[in-house]
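Participant: upload34.txt is the file, holding compact mmCIF, C-alpha atoms and all ligand atoms:
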# COMPACT_ATOMS: atom_id res chain seq x y z
CA MET W 13 105.46 93.93 103.13
CA LYS W 14 108.26 96.43 102.54
CA ASP W 15 109.38 98.65 105.42
CA VAL W 16 107.59 101.96 105.77
CA TYR W 17 109.38 104.69 107.72
CA LEU W 18 107.71 107.02 110.17
CA LEU W 19 109.05 110.22 108.63
CA ASP W 20 107.88 109.21 105.15
CA LEU W 21 104.43 108.30 106.41
CA ILE W 22 103.94 111.51 108.39
CA ASN W 23 105.27 113.49 105.47
CA GLY W 24 102.80 111.76 103.12
CA ILE W 25 99.91 112.66 105.41
CA SER W 26 101.27 116.18 105.71
CA ASN W 27 101.37 116.49 101.90
CA ALA W 28 97.75 115.36 101.72
CA LEU W 29 96.81 118.31 103.93
CA ASP W 30 98.24 120.63 101.31
CA TYR W 31 95.56 119.61 98.83
CA VAL W 32 92.75 120.98 100.98
CA SER W 33 93.45 124.57 100.15
CA THR W 34 95.95 126.42 98.01
CA ALA W 35 96.14 129.00 100.83
CA VAL W 36 98.13 126.56 102.92
CA THR W 37 100.28 124.93 100.24
CA GLY W 38 103.67 124.12 101.70
CA HIS W 39 102.77 125.48 105.15
CA HIS W 40 103.22 122.24 107.07
CA ARG W 41 106.43 121.40 105.25
CA ARG W 42 107.92 124.84 105.95
CA VAL W 43 106.96 124.79 109.64
CA GLY W 44 108.42 121.27 109.88
CA ILE W 45 111.69 122.41 108.33
CA ALA W 46 111.81 125.50 110.56
CA CYS W 47 111.38 123.38 113.69
CA ALA W 48 113.99 120.87 112.49
CA THR W 49 116.44 123.71 111.80
CA VAL W 50 116.04 125.18 115.28
CA ALA W 51 116.18 121.80 117.07
CA PRO W 52 120.01 121.41 116.92
CA THR W 53 120.58 124.86 118.44
CA LEU W 54 118.63 123.57 121.47
CA GLY W 55 120.50 120.27 121.62
CA LEU W 56 117.25 118.24 121.45
CA SER W 57 117.42 114.46 121.62
CA LYS W 58 116.28 112.58 118.49
CA THR W 59 113.07 111.52 120.23
CA ASP W 60 112.21 115.08 121.23
CA ALA W 61 113.11 116.38 117.78
CA ALA W 62 110.92 113.70 116.16
CA ASP W 63 107.93 114.62 118.35
CA LEU W 64 108.40 118.28 117.51
CA ILE W 65 108.80 117.69 113.78
CA MET W 66 105.82 115.31 113.57
CA ALA W 67 103.67 117.86 115.38
CA ALA W 68 104.89 120.57 113.02
CA LEU W 69 104.13 118.49 109.90
CA LEU W 70 100.59 117.80 111.11
CA HIS W 71 99.80 120.77 113.36
CA ASP W 72 96.75 122.15 111.54
CA ILE W 73 95.22 118.73 110.91
CA GLY W 74 92.22 119.64 113.08
CA ALA W 75 91.31 122.49 110.73
CA PHE W 76 90.63 119.97 107.98
CA SER W 77 87.99 118.22 110.01
CA LEU W 78 86.15 121.44 110.67
CA ASN W 79 83.50 122.75 108.39
CA PHE W 80 85.09 126.04 107.58
CA SER W 81 87.00 127.25 104.60
CA LEU W 82 90.76 127.49 104.75
CA ASP W 83 90.92 129.87 101.83
CA GLY W 84 92.09 133.30 102.88
CA LEU W 85 93.68 131.74 105.91
CA ASN W 86 90.77 131.67 108.29
CA PHE W 87 92.93 129.88 110.83
CA ASP W 88 93.16 133.03 112.85
CA ALA W 89 89.39 133.19 113.24
CA ASP W 90 89.27 129.98 115.18
CA LEU W 91 92.56 129.19 116.75
CA THR W 92 91.68 127.07 119.74
CA GLU W 93 89.02 124.94 118.09
CA HIS W 94 91.23 123.52 115.34
CA ALA W 95 94.02 122.98 117.87
CA SER W 96 91.83 120.91 120.18
CA MET W 97 90.29 119.08 117.22
CA GLY W 98 93.82 118.19 116.08
CA PHE W 99 94.61 116.92 119.57
CA LYS W 100 91.54 114.67 119.51
CA LEU W 101 92.58 113.23 116.17
CA LEU W 102 96.16 112.50 117.23
CA GLU W 103 96.02 111.64 120.94
CA GLY W 104 94.97 108.01 120.55
CA HIS W 105 98.03 106.98 118.60
CA PRO W 106 100.94 105.67 120.71
CA LEU W 107 103.59 107.18 118.41
CA LEU W 108 101.85 110.55 118.31
CA ASN W 109 100.78 111.00 121.91
CA ARG W 110 103.32 113.69 122.78
CA SER W 111 102.95 115.39 119.41
CA ALA W 112 99.19 115.53 120.10
CA TYR W 113 99.81 117.84 123.07
CA LEU W 114 102.10 120.04 121.01
CA VAL W 115 99.26 120.42 118.51
CA LYS W 116 96.76 121.12 121.28
CA TYR W 117 98.77 124.06 122.57
CA HIS W 118 100.13 125.42 119.33
CA HIS W 119 98.13 128.64 119.66
CA THR W 120 98.21 129.00 123.44
CA PRO W 121 100.27 132.00 124.65
CA TRP W 122 103.24 131.20 126.85
CA ARG W 123 101.84 132.98 129.90
CA GLU W 124 98.72 130.76 129.67
CA LEU W 125 100.75 127.63 129.11
CA LEU W 126 102.65 128.18 132.32
CA LYS W 127 99.45 127.39 134.23
CA ASN W 128 99.85 123.89 132.76
CA PRO W 129 96.19 122.80 132.89
CA ASP W 130 96.87 119.20 131.79
CA LYS W 131 99.90 118.79 134.07
CA VAL W 132 102.10 117.68 131.18
CA ASP W 133 105.88 117.66 131.39
CA LYS W 134 107.62 121.00 130.96
CA ASP W 135 109.29 119.99 127.70
CA ILE W 136 105.91 119.59 126.04
CA LEU W 137 104.97 123.13 127.04
CA PHE W 138 108.19 124.47 125.62
CA PHE W 139 108.05 122.51 122.35
CA SER W 140 104.45 123.55 121.71
CA ASN W 141 105.47 127.14 122.24
CA LEU W 142 108.34 126.72 119.81
CA LEU W 143 105.89 125.28 117.29
CA ASN W 144 103.58 128.23 117.90
CA LEU W 145 106.46 130.58 117.15
CA MET W 146 107.52 128.77 113.95
CA ASP W 147 103.92 128.67 112.76
CA ARG W 148 103.70 132.43 113.24
CA VAL W 149 107.00 132.95 111.42
CA ASP W 150 105.60 131.13 108.38
CA VAL W 151 102.29 133.01 108.45
CA LEU W 152 104.09 136.36 108.72
CA SER W 153 106.73 135.60 106.11
CA LYS W 154 104.81 133.52 103.55
CA ILE W 155 101.04 133.27 103.73
CA GLY W 156 99.46 135.99 105.85
CA THR W 157 97.81 139.12 104.51
CA ASN W 158 100.88 141.17 105.53
CA ILE W 159 104.21 139.68 104.52
CA PHE W 160 107.36 140.80 106.36
CA SER W 161 111.04 140.57 105.53
CA PRO W 162 113.23 138.35 107.76
CA HIS W 163 114.73 141.45 109.35
CA LYS W 164 111.35 142.96 110.24
CA LEU W 165 110.03 139.59 111.33
CA ARG W 166 112.83 139.11 113.83
CA GLU W 167 112.05 142.53 115.24
CA ILE W 168 108.33 141.74 115.60
CA ILE W 169 108.91 138.37 117.26
CA SER W 170 111.41 139.73 119.76
CA GLY W 171 108.69 142.08 121.02
CA TYR W 172 106.65 139.16 122.36
CA SER W 173 109.18 137.79 124.82
CA ASP W 174 107.57 136.01 127.78
CA THR W 175 104.04 136.97 126.83
CA ILE W 176 103.16 134.89 123.78
CA TYR W 177 106.49 133.12 123.33
CA SER W 178 109.00 131.99 125.93
CA GLU W 179 112.34 133.71 126.14
CA ARG W 180 114.07 130.44 125.33
CA ALA W 181 111.97 129.86 122.18
CA ILE W 182 112.69 133.35 120.96
CA ALA W 183 116.41 133.00 121.67
CA ALA W 184 116.50 129.73 119.70
CA PHE W 185 114.69 131.33 116.78
CA MET W 186 116.97 134.38 116.86
CA GLU W 187 120.06 132.22 116.77
CA ALA W 188 118.85 129.97 113.95
CA SER W 189 117.29 132.75 111.85
CA SER W 190 120.42 134.91 112.00
CA LYS W 191 121.89 132.56 109.40
CA GLN W 192 120.77 132.72 105.77
CA GLU W 193 120.69 128.91 105.77
CA PHE W 194 117.53 128.98 107.92
CA TRP W 195 115.61 131.01 105.33
CA ASP W 196 117.05 129.04 102.39
CA ARG W 197 115.94 125.74 103.90
CA ILE W 198 112.39 126.96 104.49
CA GLU W 199 112.18 128.17 100.89
CA ASP W 200 113.58 124.92 99.49
CA THR W 201 110.71 123.09 97.81
CA GLU W 202 112.91 120.71 95.80
CA THR W 203 115.01 118.74 98.27
CA PRO W 204 113.21 115.65 99.60
CA ILE W 205 112.14 116.09 103.20
CA ARG W 206 114.20 113.05 104.21
CA GLU W 207 117.39 114.82 103.10
CA LEU W 208 116.43 118.01 104.92
CA LEU W 209 115.21 116.45 108.16
CA GLY W 210 116.68 112.96 108.26
CA GLU W 211 119.67 113.89 110.43
CA THR W 212 117.55 115.52 113.10
CA PHE W 213 114.67 113.07 113.04
CA GLY W 214 115.39 109.79 114.84
CA ASP W 215 113.64 107.69 112.22
CA GLN W 216 112.30 104.17 112.60
CA SER W 217 110.45 101.71 110.40
CA ILE W 218 106.86 101.15 111.47
CA PRO W 219 105.84 97.62 112.49
CA GLU W 220 102.91 96.33 110.42
CA GLU W 221 100.59 96.41 113.42
CA GLN W 222 101.34 100.09 113.97
CA LEU W 223 100.88 100.80 110.29
CA LEU W 224 97.38 99.34 110.41
CA HIS W 225 96.66 101.44 113.47
CA PHE W 226 97.95 104.49 111.61
CA SER W 227 95.75 103.81 108.60
CA ARG W 228 92.70 103.42 110.82
CA PHE W 229 93.52 106.61 112.63
CA PHE W 230 93.97 108.36 109.33
CA SER W 231 90.67 107.00 108.01
CA HIS W 232 89.05 109.07 110.78
CA ILE W 233 90.68 112.21 109.47
CA ILE W 234 89.35 111.41 106.00
CA ASP W 235 85.88 110.31 107.07
CA PHE W 236 85.05 112.60 109.98
CA ARG W 237 84.86 115.71 107.81
CA SER W 238 81.24 114.88 107.07
CA ARG W 239 78.47 112.86 108.69
CA HIS W 240 77.84 111.38 105.25
CA THR W 241 81.30 109.87 104.92
CA ALA W 242 81.84 109.22 108.66
CA THR W 243 81.88 105.44 108.42
CA HIS W 244 82.82 104.90 104.78
CA SER W 245 86.51 103.96 104.82
CA LEU W 246 86.19 101.46 107.66
CA GLY W 247 83.19 99.88 105.94
CA VAL W 248 85.11 99.55 102.68
CA ALA W 249 88.19 98.17 104.46
CA GLU W 250 86.22 95.50 106.28
CA MET W 251 84.29 94.46 103.17
CA ALA W 252 87.51 94.31 101.16
CA VAL W 253 89.13 92.06 103.77
CA GLU W 254 86.16 89.68 103.77
CA LEU W 255 86.01 89.54 99.97
CA ALA W 256 89.78 89.01 99.82
CA ARG W 257 89.46 86.11 102.25
CA LEU W 258 86.62 84.58 100.23
CA ALA W 259 88.65 85.05 97.03
CA GLY W 260 91.52 83.07 98.57
CA MET W 261 94.02 85.85 99.28
CA ASP W 262 96.51 84.96 102.03
CA ALA W 263 96.59 86.60 105.47
CA ALA W 264 99.36 89.05 104.51
CA ASP W 265 97.39 90.29 101.52
CA GLN W 266 94.28 90.60 103.65
CA ARG W 267 96.19 92.90 105.98
CA ARG W 268 97.45 94.91 103.02
CA ILE W 269 93.97 95.29 101.60
CA ARG W 270 92.72 96.56 104.96
CA LEU W 271 95.39 99.25 104.79
CA ALA W 272 94.34 100.11 101.23
CA GLY W 273 90.67 100.22 102.27
CA ASN W 274 91.36 102.57 105.17
CA LEU W 275 93.31 104.93 102.92
CA HIS W 276 91.47 104.63 99.59
CA ASP W 277 89.67 107.96 99.92
CA ILE W 278 92.65 109.93 101.23
CA GLY W 279 92.21 112.19 98.20
CA LYS W 280 88.80 113.25 99.56
CA LEU W 281 90.74 115.68 101.75
CA ALA W 282 90.93 117.78 98.61
CA VAL W 283 87.14 117.78 98.19
CA PRO W 284 85.36 120.67 99.95
CA VAL W 285 83.05 119.61 102.78
CA THR W 286 80.23 121.53 101.08
CA LEU W 287 80.30 118.97 98.26
CA LEU W 288 80.39 116.00 100.64
CA ASP W 289 77.35 117.44 102.40
CA LYS W 290 75.46 118.74 99.35
CA PRO W 291 71.80 117.73 99.75
CA ALA W 292 71.30 117.11 96.02
CA PRO W 293 73.02 115.22 93.21
CA LEU W 294 76.24 116.88 92.06
CA THR W 295 76.53 118.99 88.92
CA HIS W 296 78.95 117.91 86.21
CA LYS W 297 81.56 120.40 87.40
CA GLU W 298 81.17 119.33 91.02
CA PHE W 299 81.48 115.70 90.03
CA GLU W 300 84.78 116.50 88.32
CA THR W 301 86.02 118.04 91.57
CA VAL W 302 85.08 114.87 93.43
CA GLN W 303 86.75 112.68 90.79
CA TYR W 304 89.99 114.55 91.40
CA HIS W 305 90.32 112.62 94.69
CA ALA W 306 91.54 109.52 92.82
CA HIS W 307 94.40 111.57 91.36
CA VAL W 308 95.30 113.06 94.76
CA CYS W 309 95.32 109.53 96.19
CA GLU W 310 98.10 108.62 93.74
CA GLN W 311 100.09 111.78 94.48
CA VAL W 312 99.99 111.11 98.20
CA LEU W 313 100.28 107.34 98.57
CA HIS W 314 102.86 106.80 95.82
CA SER W 315 105.07 109.38 97.58
CA ILE W 316 105.42 107.08 100.61
CA PRO W 317 108.24 104.56 99.99
CA GLY W 318 107.14 101.02 100.87
CA MET W 319 103.46 101.74 100.19
CA GLU W 320 103.62 101.38 96.39
CA ASP W 321 101.56 98.18 96.15
CA ILE W 322 98.95 99.41 98.57
CA ALA W 323 98.78 102.67 96.64
CA VAL W 324 97.89 100.81 93.44
CA TRP W 325 94.99 98.95 95.06
CA ALA W 326 93.76 102.01 96.94
CA CYS W 327 93.93 104.50 94.09
CA GLN W 328 92.31 102.30 91.45
CA HIS W 329 89.02 101.93 93.31
CA HIS W 330 87.20 104.03 90.69
CA GLU W 331 88.74 102.26 87.68
CA ARG W 332 86.31 99.97 85.85
CA LEU W 333 87.01 96.74 83.93
CA ASN W 334 85.33 98.16 80.81
CA GLY W 335 87.69 101.14 80.81
CA LYS W 336 85.01 103.64 81.84
CA GLY W 337 86.48 104.45 85.23
CA TYR W 338 88.93 107.09 86.45
CA PRO W 339 91.56 108.50 86.87
CA HIS W 340 93.20 106.58 83.98
CA GLY W 341 90.48 104.53 82.32
CA ARG W 342 92.44 101.32 82.87
CA ARG W 343 90.71 98.13 81.80
CA GLY W 344 90.53 94.35 82.23
CA SER W 345 93.86 92.69 82.92
CA GLU W 346 95.41 96.02 83.92
CA LEU W 347 93.41 95.80 87.13
CA SER W 348 94.69 93.31 89.70
CA LEU W 349 92.49 91.24 92.01
CA GLY W 350 93.11 93.67 94.89
CA SER W 351 91.97 96.66 92.80
CA ARG W 352 88.86 94.78 91.64
CA ILE W 353 87.96 93.82 95.20
CA LEU W 354 88.33 97.38 96.43
CA ALA W 355 86.13 98.64 93.59
CA VAL W 356 83.34 96.22 94.55
CA ALA W 357 83.75 96.95 98.29
CA ASP W 358 83.60 100.68 97.58
CA VAL W 359 80.45 100.57 95.44
CA TYR W 360 78.66 98.17 97.75
CA THR W 361 79.49 100.22 100.85
CA ALA W 362 78.60 103.52 99.17
CA ILE W 363 75.18 102.46 97.93
CA THR W 364 74.15 101.00 101.28
CA GLU W 365 75.13 104.21 103.12
CA ASP W 366 72.89 107.24 103.55
CA ARG W 367 73.83 110.19 101.40
CA PRO W 368 72.62 113.79 101.87
CA TYR W 369 70.11 113.33 99.01
CA ARG W 370 69.11 109.68 99.43
CA ASP W 371 68.85 106.90 102.02
CA GLY W 372 71.07 103.83 101.92
CA MET W 373 69.72 101.10 99.63
CA ILE W 374 68.02 98.01 101.03
CA PRO W 375 69.58 94.64 100.01
CA GLN W 376 67.20 94.08 97.08
CA GLU W 377 68.02 97.47 95.52
CA ALA W 378 71.75 97.11 96.21
CA LYS W 379 71.81 93.70 94.54
CA GLU W 380 70.06 95.08 91.46
CA VAL W 381 72.61 97.87 91.10
CA LEU W 382 75.54 95.46 91.55
CA THR W 383 74.05 93.01 89.04
CA THR W 384 73.76 95.80 86.47
CA LEU W 385 77.34 96.88 87.07
CA ALA W 386 78.58 93.31 86.68
CA LYS W 387 76.66 92.89 83.41
CA SER W 388 77.95 96.17 81.98
CA GLY W 389 81.50 95.05 82.67
CA ASP W 390 82.17 97.77 85.25
CA LEU W 391 82.74 95.44 88.18
CA ASP W 392 84.21 91.94 88.37
CA GLN W 393 81.47 89.30 88.01
CA ASP W 394 83.27 86.68 90.09
CA ILE W 395 83.67 89.04 93.03
CA ILE W 396 80.04 90.14 92.79
CA HIS W 397 79.15 86.44 92.78
CA LEU W 398 81.16 85.91 95.99
CA LEU W 399 79.42 88.92 97.52
CA PHE W 400 75.96 87.59 96.67
CA GLU W 401 76.75 84.09 97.93
CA ASN W 402 77.74 85.53 101.29
CA TYR W 403 75.50 88.57 101.28
CA GLU W 404 73.77 88.22 104.63
CA ASN W 405 76.97 87.56 106.50
CA LEU W 406 78.83 90.43 104.80
CA ASP W 407 75.96 92.80 105.39
CA ILE W 408 75.98 92.03 109.12
CA ILE W 409 79.75 92.59 109.31
CA ARG W 410 79.45 95.89 107.43
CA SER W 411 76.58 97.10 109.64
CA LEU W 412 78.47 96.27 112.84
CA VAL W 413 81.69 97.94 111.72
CA GLN W 414 79.87 101.03 110.55
CA ALA W 415 77.75 101.26 113.71
CA ARG W 416 80.98 101.26 115.74
CA ALA W 417 82.50 103.88 113.46
CA LEU W 418 79.40 106.04 113.85
CA ASP W 419 79.76 105.89 117.64
CA ASP W 420 83.39 106.99 117.31
CA PHE W 421 82.30 109.84 115.06
CA LYS W 422 79.62 111.01 117.50
CA ARG W 423 82.10 110.91 120.37
CA PHE W 424 84.61 112.84 118.28
CA ARG W 425 82.11 115.57 117.43
CA SER W 426 80.42 115.78 120.81
CA HIS W 427 83.06 117.45 122.97
FE FE L 1 97.03 126.41 113.67
FE FE L 2 99.61 126.59 111.00
FE FE L 3 86.48 107.19 96.22
Reformat the file's structure so that it appears as structure tokens.
Ligand SMILES: [Fe+2]
Ligand SMILES: [Fe+2]
Ligand SMILES: [Fe+2]
Facilitator:
Amino acid sequence: MKDVYLLDLINGISNALDYVSTAVTGHHRRVGIACATVAPTLGLSKTDAADLIMAALLHDIGAFSLNFSLDGLNFDADLTEHASMGFKLLEGHPLLNRSAYLVKYHHTPWRELLKNPDKVDKDILFFSNLLNLMDRVDVLSKIGTNIFSPHKLREIISGYSDTIYSERAIAAFMEASSKQEFWDRIEDTETPIRELLGETFGDQSIPEEQLLHFSRFFSHIIDFRSRHTATHSLGVAEMAVELARLAGMDAADQRRIRLAGNLHDIGKLAVPVTLLDKPAPLTHKEFETVQYHAHVCEQVLHSIPGMEDIAVWACQHHERLNGKGYPHGRRGSELSLGSRILAVADVYTAITEDRPYRDGMIPQEAKEVLTTLAKSGDLDQDIIHLLFENYENLDIIRSLVQARALDDFKRFRSH
């Protein structure tokens, strides 16, 4: 597999967050750039700068798991909840552990932070406060209900010294924002993030093991938005791996298909939770909104260098061999074995899961649906055949994986 770099991956995930609401378009990118622009004035090491920038690019990730609308910037209504939700999503990942704390505290006033409830190191407190400040700068200059000029903004921020923001954070912001370059960089939507941040960010390629861990962690962000999707991606990934093994794919391809399975519904971040939870079949218009997720998948995964092959498998899971699928209506030989396997794994997992308006199908019903879809030329007959030949075994594997995922989901939602 080609190398995938940490900055590209985090940036890809950050871009996916943008699709949730137009109210926040560009917010994570701008806060990331602002933090990266201030970092050199503080003489941060590359490791510290990377932790700060990763936290900035992902800082509102918890808001996307919550069942409230981001339109109209409701962040302010519920500051601590989305911060602690973000912490819960990020804390388990070894590369994101410090960033997780920065996210946790990104709305905690400095005077509160000084009590240091989690006994973390002092740098973490300071970086989270810096992130808090840069987040506020973006809200006040770009997306809030009242927009202020840089001059006015600097005046407002300086009034909060040592209450909400530390003196040091304010001084760093004042120094960086006194130069026009700071404001130009934040506004720059054209230059690739790697060019803007690469110097500051101590980048590294991600070992395959870590990448798998990342994709699993990210499948939680995708799935945990709704009880009805809570176990979907992991179920699809596991089924895809088993089918790939049965179809004779080698171990490396099996690992790649697990990655694709974990990420295949990344575009669902753009689908409102109300649709995922709707206790009735979707209207035509609503179905179109849901279909858009396959397009978002392409936008996000194809933007991560090194993930191109995985992106093809992942984002073609709604294409059908007879050309009746989406987003492109590709057909037959245009769809590789990996794409065909993911399509079967996705349908099989979806129909056996409970949905808000129906229970999961029992094996007999599921087999009938799959047989029909094989006959109509939607799904690959050979793969359906493999699935049927090994049905009991696959069904046990799927149930076990999904039961574990459901436990994780309950734990995630319970505290
Ligand atoms: Fe926030
Ligand atoms: Fe924010
Ligand atoms: Fe999907």
Participant: As a quick test: using all atoms listed in the file, which residues lie no more than 7 Å away from ligand FE 1 (chain L)? Give them as a list in words.
Facilitator: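 Checked against 7 Å with all atoms listed in the file; the hits are His71, Asp72, Phe87, Leu91, His94, Ala95, His118 and His119 of chain W.
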Participant: Please find the residues contacting ligand FE 3 (chain L) at a distance of at most 7 Å between atoms, with all atoms listed in the file counted, and report them as a list in words.
Facilitator: His276, Asp277, His305, Ala306, His329 and His330 of chain W
Participant: So what do you get for CA of Lys154 in chain W versus CA of Leu313 in chain W, distance-wise?
Facilitator: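 About the pair CA of Lys154 in chain W and CA of Leu313 in chain W: they are 27.0 Å apart.
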Participant: Check which residues fall inside 10 Å of ligand FE 2 (chain L) when counting only C-alpha atoms and all ligand atoms, and print them as a PyMOL selection string.
Facilitator: chain W and resi 36+39-40+42-43+68-73+75+85+87-88+91+94-95+115+118-119+143-144+146-151+155
Participant: My list of candidates is W:Leu281, W:Leu287, W:Leu18, W:Met319. Which is closest to His307 in chain W when distances are computed with only C-alpha atoms?
Facilitator: W:Leu281
Participant: Nearest to Lys14 in chain W: which of W:Ser315, W:Gln266, W:Ser217, W:Thr243 is it, counting only C-alpha atoms?
Facilitator: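 Once distances to Lys14 in chain W are computed over only C-alpha atoms, the minimum belongs to W:Ser217.
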Participant: Determine, counting only C-alpha atoms, which protein, DNA and RNA residues have an atom within 10 Å of an atom of Phe400 in chain W; residues of the same chain fewer than 4 positions away are not included. Present the result as number ranges by chain.
Facilitator: W: 379, 382-383, 394-396, 404-406
Participant: Extract, using all atoms listed in the file, all DNA, RNA and protein residues at most 9 Å from range 332-348 of chain W, discarding same-chain residues fewer than 4 positions from it, and format them as a list in words.
Facilitator: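 Listed by chain and then number, they are Gln303, Tyr304, His305, Ala306, His307, Val324, Trp325, Cys327, Gln328, Arg352, Ile353, Ala355, Ser388, Gly389, Asp390, Leu391 and Asp392 of chain W.
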Participant: Using all atoms listed in the file, find the one residue out of W:Val248, W:Arg166, W:Leu288, W:Asp135 that sits nearest to Thr301 in chain W.
Facilitator: W:Leu288
Participant: For the atom pair CA of Tyr117 in chain W and CA of Ile234 in chain W, what is the interatomic distance in Å to one decimal place?
Facilitator: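 Value for the CA of Tyr117 in chain W-CA of Ile234 in chain W distance: 22.9 Å.
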Participant: Taking 3 positions as the minimum chain separation for residues in the same chain, which residues sit within 12 Å of Ile374 in chain W when counting only C-alpha atoms? Answer as a VMD selection string.
Facilitator: chain W and resid 360 to 361 363 to 366 370 to 371 377 to 381 404 407
Participant: How many Å separate CA of Pro317 in chain W from CA of Ala51 in chain W?
Facilitator: 25.5 Å
Participant: Measuring between only C-alpha atoms, which one of W:Phe424, W:Arg123, W:Phe230, W:Ala28 shows the shortest distance to Ser96 in chain W?
Facilitator: W:Phe424
Participant: Please provide the set of residues having any atom within 9 Å of Gln216 in chain W, restricted to all atoms listed in the file, with same-chain residues fewer than 5 positions apart removed, written as a PyMOL selection string.
Facilitator: chain W and resi 16-19
Participant: Got a sec: who's within 12 Å of range 253-259 of chain W, counting only C-alpha atoms, leaving out chain neighbours fewer than 2 positions off, as a PyMOL selection string?
Facilitator: chain W and resi 246-251+261-274+349-358+360+392+394-403+405-410
Participant: Considering only C-alpha atoms, can you say which of W:Leu101, W:Ala323, W:Ile233, W:Cys47 comes closest to Asn141 in chain W?
Facilitator: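 Of the candidates, the smallest distance to Asn141 in chain W is held by W:Cys47.
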Participant: Of the candidates W:Phe299, W:Phe213, W:Phe139, W:Phe226, which one gets nearest to Arg110 in chain W if we count all atoms listed in the file?
Facilitator: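 Of all the options, W:Phe139 lies closest to Arg110 in chain W.
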Participant: Can I get the residues of range 21-46 of chain W within 12 Å of range 200-204 of chain W, each with the closest pair of atoms and their distance in Å to one decimal, using all atoms listed in the file, sorted chain first then ascending number, as JSON lines?
Facilitator:
{"residue": "W:Asn23", "atom": "CA", "partner": "W:Pro204", "partner_atom": "CA", "distance": 10.1}
{"residue": "W:Gly24", "atom": "CA", "partner": "W:Pro204", "partner_atom": "CA", "distance": 11.7}
{"residue": "W:Thr37", "atom": "CA", "partner": "W:Thr201", "partner_atom": "CA", "distance": 10.9}
{"residue": "W:Gly38", "atom": "CA", "partner": "W:Thr201", "partner_atom": "CA", "distance": 8.1}
{"residue": "W:His39", "atom": "CA", "partner": "W:Thr201", "partner_atom": "CA", "distance": 11.1}
{"residue": "W:His40", "atom": "CA", "partner": "W:Thr201", "partner_atom": "CA", "distance": 11.9}
{"residue": "W:Arg41", "atom": "CA", "partner": "W:Thr201", "partner_atom": "CA", "distance": 8.7}
{"residue": "W:Arg42", "atom": "CA", "partner": "W:Asp200", "partner_atom": "CA", "distance": 8.6}
{"residue": "W:Ile45", "atom": "CA", "partner": "W:Asp200", "partner_atom": "CA", "distance": 9.4}
{"residue": "W:Ala46", "atom": "CA", "partner": "W:Asp200", "partner_atom": "CA", "distance": 11.2}
Participant: If I wrap all listed atoms of range 92-95 of chain W in a box with edges along x, y and z and add 6 Å on each side, what are its centre and edge lengths in Å to one decimal, as lines of an AutoDock Vina configuration file?
Facilitator:
center_x = 91.5
center_y = 125.0
center_z = 117.5
size_x = 17.0
size_y = 16.1
size_z = 16.4
Participant: Will you model N, CA, C and O atoms for range 42-50 of chain W and pass it back as a compact mmCIF listing (two decimals), in the coordinates of the input?
Facilitator:
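Everything below was put into selection-v4.txt:
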# COMPACT_ATOMS: atom_id res chain seq x y z
N ARG W 42 107.03 123.75 105.52
CA ARG W 42 107.92 124.84 105.95
C ARG W 42 108.04 124.91 107.47
O ARG W 42 109.13 125.11 108.01
N VAL W 43 106.90 124.74 108.17
CA VAL W 43 106.96 124.79 109.64
C VAL W 43 107.78 123.60 110.16
O VAL W 43 108.55 123.73 111.12
N GLY W 44 107.63 122.45 109.50
CA GLY W 44 108.42 121.27 109.88
C GLY W 44 109.91 121.53 109.71
O GLY W 44 110.72 121.23 110.60
N ILE W 45 110.27 122.12 108.58
CA ILE W 45 111.69 122.41 108.33
C ILE W 45 112.21 123.44 109.33
O ILE W 45 113.31 123.32 109.87
N ALA W 46 111.38 124.46 109.60
CA ALA W 46 111.81 125.50 110.56
C ALA W 46 112.09 124.87 111.92
O ALA W 46 113.12 125.14 112.54
N CYS W 47 111.18 124.02 112.37
CA CYS W 47 111.38 123.38 113.69
C CYS W 47 112.64 122.51 113.68
O CYS W 47 113.42 122.51 114.63
N ALA W 48 112.83 121.76 112.57
CA ALA W 48 113.99 120.87 112.49
C ALA W 48 115.29 121.69 112.46
O ALA W 48 116.33 121.23 112.94
N THR W 49 115.24 122.89 111.91
CA THR W 49 116.44 123.71 111.80
C THR W 49 116.80 124.34 113.15
O THR W 49 117.97 124.55 113.46
N VAL W 50 115.78 124.59 113.96
CA VAL W 50 116.04 125.18 115.28
C VAL W 50 116.46 124.10 116.29
O VAL W 50 117.23 124.37 117.20
